[in-house]
Amino acid sequence: MASIAIVTDTSADLLPAQARAAGIHLVPLTVSFGDETFQAVTELSNERFYELLTAPGAPLPRTAAPNPKQFESAYREAFDGGADGVVCITISQKMSATYASAVQAAAAFDGGRVEVLDSRTTTFSLGMIARQMADAAAQGATQAEIMALARDLILRSTILFVVDTLEYLQKGGRIGRASALLGTMLSVKPILTVVDGMVATADKRRTLSKARARLLELAVERPVQSATVLHTVTPGIASFRDELAAAVGLADDEVGIGLVGPVAGTHVGPGIFGVSLITTA
């Protein structure tokens with residue numbers, strides 16, 4: 001039986017121990033504060049990242065994609081570990097050069113041994129997809145079956161999140177279709193999403209409580225298969241998880257709570273809350 005390895009990048013916000021347990025190979029993006037550069041997640045923990053981000057006078061962090069050699073090394077490690085094929089899924093290519101590096105590295109191997117997918121998303125949505133791919137691989141799915149599963153999950157994947165300020169998205173150049181909100185930011189709390197790999201506006205409300213209520217409405221527009229609540233050191237996130245679980249019809253312990261890592265955290269800043277969903281259709 002062929003063995004297929006799954007590779008993703010650290011924008012997926014899988015902790016190293018979680019990735020190892022799932023059999024997923026992680027390739028790190030980097031985050032820099034001034035002259036200090038760290039490997040996101042594998043070297044710089046999520047908690048430490050927010051300490052640096054919110055320190056008085058801290059420089060605005062920058063992120064950078066892995067280079068092709070890093071992906072090539074991950075692919076070779078998978079093959080050396082006994083894999084017959086590799087499927088790599090990355091952060092949206094409209095958000096990062098990571099996908100381009102992964103594709104370039106795949107060219108070092110015989111045709112078809114390494115296949116690369118653009119998830120058209122990031123953070124826990126990417127992580128949830130990668131985990132389901134790894135589960136399928138562990139059950140003996142072929143490379144073609146895993147690719148088909150991933151493409152289906154991408155279509156059923158959604159992120160919804162509320163931000164208090166667009167400052168970080170604007171300065172990081174990741175604001176995408178949400179840019180129309182810039183002129184009215186003082187009077188609204190935007191609910192953002194990811195559409196076709198870019199940040200876009202799902203809706204907006206005048207207050208945080210109304211934005212929270214509207215986010216829950218949007219979350220149940222389609223039946224939900226799985227969900228992860230995401231936040232960036234945001235108070236009250238456990239109660240939001242309970243509300244979200246009740247809204248989508250899942251038990252509290254079926255909905256994880258995840259601290260967004262340095263890659264997405266650089267571009268959204270502290271204080272956001274939201275959810276990554278995979279719907280049933």
# chains A, B, ... in the order shown; residues from 1 in each chain; ligands from 1
$ select_by_dssp --residues "region 3-240 of chain A" --states "strand (DSSP E or B)" --output "PyMOL selection string"
chain A and resi 4-9+24-27+30-33+36-40+44+62-64+85-90+114-118+157-162+189-195+198-205+224-231
$ write_last_selection --atoms "C-alpha atoms" --output "mmCIF file, in the first residue's frame"
data_model
loop_
_atom_site.group_PDB
_atom_site.id
_atom_site.type_symbol
_atom_site.label_atom_id
_atom_site.label_comp_id
_atom_site.auth_asym_id
_atom_site.auth_seq_id
_atom_site.Cartn_x
_atom_site.Cartn_y
_atom_site.Cartn_z
ATOM 1 C CA ILE A 4 1.417 9.481 1.296
ATOM 2 C CA ALA A 5 2.983 12.219 3.435
ATOM 3 C CA ILE A 6 1.299 15.569 4.119
ATOM 4 C CA VAL A 7 3.308 18.794 4.209
ATOM 5 C CA THR A 8 2.036 22.222 5.171
ATOM 6 C CA ASP A 9 3.441 25.510 6.434
ATOM 7 C CA ILE A 24 2.260 16.281 9.169
ATOM 8 C CA HIS A 25 5.552 17.878 8.120
ATOM 9 C CA LEU A 26 5.741 21.606 8.927
ATOM 10 C CA VAL A 27 7.722 24.160 6.918
ATOM 11 C CA THR A 30 9.585 33.536 9.507
ATOM 12 C CA VAL A 31 8.548 36.587 11.484
ATOM 13 C CA SER A 32 10.872 39.492 12.183
ATOM 14 C CA PHE A 33 10.795 42.222 14.805
ATOM 15 C CA GLU A 36 15.408 39.753 15.169
ATOM 16 C CA THR A 37 14.044 36.952 12.991
ATOM 17 C CA PHE A 38 12.315 33.800 14.231
ATOM 18 C CA GLN A 39 10.794 30.701 12.710
ATOM 19 C CA ALA A 40 7.064 31.108 13.256
ATOM 20 C CA LEU A 44 8.706 31.509 18.316
ATOM 21 C CA ARG A 62 7.149 41.348 9.159
ATOM 22 C CA THR A 63 6.612 37.849 7.801
ATOM 23 C CA ALA A 64 8.503 36.050 5.056
ATOM 24 C CA GLY A 85 4.291 10.422 -2.479
ATOM 25 C CA VAL A 86 3.789 13.848 -0.947
ATOM 26 C CA VAL A 87 0.855 16.231 -0.973
ATOM 27 C CA CYS A 88 1.718 19.744 0.160
ATOM 28 C CA ILE A 89 -0.948 22.323 0.987
ATOM 29 C CA THR A 90 -0.031 25.943 1.699
ATOM 30 C CA VAL A 114 5.055 15.767 -5.038
ATOM 31 C CA GLU A 115 1.807 17.612 -5.642
ATOM 32 C CA VAL A 116 1.122 21.089 -4.274
ATOM 33 C CA LEU A 117 -2.215 22.735 -3.509
ATOM 34 C CA ASP A 118 -3.088 26.351 -2.789
ATOM 35 C CA SER A 157 -13.865 25.995 4.242
ATOM 36 C CA THR A 158 -14.772 29.397 5.705
ATOM 37 C CA ILE A 159 -13.157 31.921 8.047
ATOM 38 C CA LEU A 160 -15.156 34.631 9.792
ATOM 39 C CA PHE A 161 -13.567 37.053 12.240
ATOM 40 C CA VAL A 162 -14.172 40.399 13.880
ATOM 41 C CA LYS A 189 -16.756 46.799 13.657
ATOM 42 C CA PRO A 190 -16.036 44.802 10.509
ATOM 43 C CA ILE A 191 -16.706 41.099 10.127
ATOM 44 C CA LEU A 192 -14.076 39.814 7.743
ATOM 45 C CA THR A 193 -13.724 36.605 5.787
ATOM 46 C CA VAL A 194 -11.457 35.107 3.137
ATOM 47 C CA VAL A 195 -12.792 34.971 -0.409
ATOM 48 C CA MET A 198 -7.966 37.281 -0.018
ATOM 49 C CA VAL A 199 -9.363 39.091 3.014
ATOM 50 C CA ALA A 200 -12.810 40.476 2.241
ATOM 51 C CA THR A 201 -15.707 42.064 4.103
ATOM 52 C CA ALA A 202 -18.541 39.749 5.136
ATOM 53 C CA ASP A 203 -20.522 42.423 6.965
ATOM 54 C CA LYS A 204 -20.144 45.247 9.473
ATOM 55 C CA ARG A 205 -21.926 46.426 12.603
ATOM 56 C CA VAL A 224 -21.287 22.844 9.952
ATOM 57 C CA GLN A 225 -19.150 19.708 10.016
ATOM 58 C CA SER A 226 -16.308 21.029 12.173
ATOM 59 C CA ALA A 227 -15.256 24.307 13.736
ATOM 60 C CA THR A 228 -12.359 25.939 15.551
ATOM 61 C CA VAL A 229 -12.727 29.229 17.397
ATOM 62 C CA LEU A 230 -9.765 31.514 16.772
ATOM 63 C CA HIS A 231 -8.506 34.531 18.675
#
$ closest_atom_pairs --of "region 102-141 of chain A" --to "region 93-98 of chain A" --cutoff "12 Å" --atoms "only C-alpha atoms" --output "CSV"
residue,atom,partner,partner_atom,distance
A:Ala102,CA,A:Thr98,CA,6.3
A:Val103,CA,A:Thr98,CA,8.7
A:Gln104,CA,A:Thr98,CA,10.0
A:Ala105,CA,A:Thr98,CA,10.7
A:Val116,CA,A:Thr98,CA,10.9
A:Leu117,CA,A:Gln93,CA,9.7
A:Asp118,CA,A:Gln93,CA,6.4
A:Ser119,CA,A:Gln93,CA,8.3
A:Arg120,CA,A:Gln93,CA,6.9
A:Thr121,CA,A:Met95,CA,8.5
A:Thr122,CA,A:Met95,CA,8.6
A:Thr123,CA,A:Met95,CA,11.6
$ residues_around --residues "Gly127 (chain A)" --least-positions-apart "3" --cutoff "9 Å" --atoms "only C-alpha atoms" --output "ChimeraX atom specification"
/A:8,10-14,122-124,130-132
$ write_last_selection --atoms "N, CA and C atoms" --output "PDB file, in the first residue's frame"
ATOM      1  N   THR A   8       2.651  20.906   5.189  1.00  0.00           N
ATOM      2  CA  THR A   8       2.036  22.222   5.171  1.00  0.00           C
ATOM      3  C   THR A   8       3.003  23.225   5.784  1.00  0.00           C
ATOM      4  N   THR A  10       3.680  26.744   8.502  1.00  0.00           N
ATOM      5  CA  THR A  10       3.283  27.084   9.869  1.00  0.00           C
ATOM      6  C   THR A  10       2.221  28.172   9.944  1.00  0.00           C
ATOM      7  N   SER A  11       1.763  28.704   8.826  1.00  0.00           N
ATOM      8  CA  SER A  11       0.589  29.575   8.881  1.00  0.00           C
ATOM      9  C   SER A  11      -0.647  28.773   9.259  1.00  0.00           C
ATOM     10  N   ALA A  12      -0.580  27.440   9.159  1.00  0.00           N
ATOM     11  CA  ALA A  12      -1.706  26.567   9.501  1.00  0.00           C
ATOM     12  C   ALA A  12      -1.981  26.546  10.999  1.00  0.00           C
ATOM     13  N   ASP A  13      -1.078  27.108  11.785  1.00  0.00           N
ATOM     14  CA  ASP A  13      -1.231  27.199  13.237  1.00  0.00           C
ATOM     15  C   ASP A  13      -1.411  25.849  13.919  1.00  0.00           C
ATOM     16  N   LEU A  14      -0.771  24.825  13.345  1.00  0.00           N
ATOM     17  CA  LEU A  14      -0.617  23.556  14.042  1.00  0.00           C
ATOM     18  C   LEU A  14       0.632  23.651  14.911  1.00  0.00           C
ATOM     19  N   THR A 122      -5.918  30.332   5.241  1.00  0.00           N
ATOM     20  CA  THR A 122      -4.781  30.338   6.161  1.00  0.00           C
ATOM     21  C   THR A 122      -5.256  29.954   7.552  1.00  0.00           C
ATOM     22  N   THR A 123      -4.409  30.089   8.513  1.00  0.00           N
ATOM     23  CA  THR A 123      -4.582  29.800   9.940  1.00  0.00           C
ATOM     24  C   THR A 123      -5.349  28.486  10.142  1.00  0.00           C
ATOM     25  N   PHE A 124      -6.316  28.444  11.065  1.00  0.00           N
ATOM     26  CA  PHE A 124      -6.891  27.161  11.450  1.00  0.00           C
ATOM     27  C   PHE A 124      -7.702  26.501  10.346  1.00  0.00           C
ATOM     28  N   ALA A 130      -5.494  20.289   6.540  1.00  0.00           N
ATOM     29  CA  ALA A 130      -4.291  19.446   6.578  1.00  0.00           C
ATOM     30  C   ALA A 130      -4.498  18.229   7.482  1.00  0.00           C
ATOM     31  N   ARG A 131      -5.184  18.430   8.592  1.00  0.00           N
ATOM     32  CA  ARG A 131      -5.419  17.314   9.506  1.00  0.00           C
ATOM     33  C   ARG A 131      -6.316  16.253   8.878  1.00  0.00           C
ATOM     34  N   GLN A 132      -7.355  16.689   8.165  1.00  0.00           N
ATOM     35  CA  GLN A 132      -8.220  15.704   7.506  1.00  0.00           C
ATOM     36  C   GLN A 132      -7.467  14.975   6.398  1.00  0.00           C
TER      37      GLN A 132
END
$ residues_around --residues "Arg222 (chain A)" --least-positions-apart "6" --cutoff "8 Å" --atoms "only C-alpha atoms" --output "ChimeraX atom specification"
/A:279-281
$ write_last_selection --atoms "C-alpha atoms" --output "PDB file, in the first residue's frame"
ATOM      1  CA  THR A 279     -19.384  22.995   6.259  1.00  0.00           C
ATOM      2  CA  THR A 280     -21.120  19.826   5.178  1.00  0.00           C
ATOM      3  CA  ALA A 281     -21.800  21.139   1.688  1.00  0.00           C
TER       4      ALA A 281
END
$ atom_distance --atom1 "CA of Gly34 (chain A)" --atom2 "CA of Ala58 (chain A)"
8.6 Å
$ closest_residue --among "A:Val220, A:Val188, A:Leu126, A:Tyr75" --to "Arg206 (chain A)" --atoms "only C-alpha atoms"
A:Val188
$ closest_residue --among "A:Ile272, A:Ala55, A:Ala141, A:Ile278" --to "Val255 (chain A)" --atoms "only C-alpha atoms"
A:Ile278
$ closest_residue --among "A:Val233, A:Ile257, A:Ala137, A:Pro28" --to "Arg48 (chain A)" --atoms "only C-alpha atoms"
A:Val233
$ atom_distance --atom1 "CA of Ala246 (chain A)" --atom2 "CA of Asp152 (chain A)"
25.6 Å
$ closest_residue --among "A:Asn67, A:Gln143, A:Ala107, A:Ser239" --to "Asp252 (chain A)" --atoms "only C-alpha atoms"
A:Ser239
$ residues_around --residues "Met133 (chain A)" --least-positions-apart "5" --cutoff "8 Å" --atoms "only C-alpha atoms" --output "list in words"
Ile6, Ile146, Leu149 and Ala150 of chain A
$ write_last_selection --atoms "N, CA and C atoms" --output "short mmCIF file (atom, residue, chain, number, x, y, z; two decimals), in the first residue's frame"
data_model
loop_
_atom_site.label_atom_id
_atom_site.label_comp_id
_atom_site.auth_asym_id
_atom_site.auth_seq_id
_atom_site.Cartn_x
_atom_site.Cartn_y
_atom_site.Cartn_z
N ILE A 6 1.93 14.25 4.22
CA ILE A 6 1.30 15.57 4.12
C ILE A 6 2.28 16.62 4.63
N ILE A 146 -6.43 11.87 -1.80
CA ILE A 146 -6.13 12.96 -0.86
C ILE A 146 -6.24 14.32 -1.56
N LEU A 149 -9.93 15.02 -1.86
CA LEU A 149 -10.47 15.40 -0.56
C LEU A 149 -10.10 16.85 -0.24
N ALA A 150 -8.84 17.20 -0.44
CA ALA A 150 -8.38 18.55 -0.13
C ALA A 150 -9.12 19.59 -0.95
#
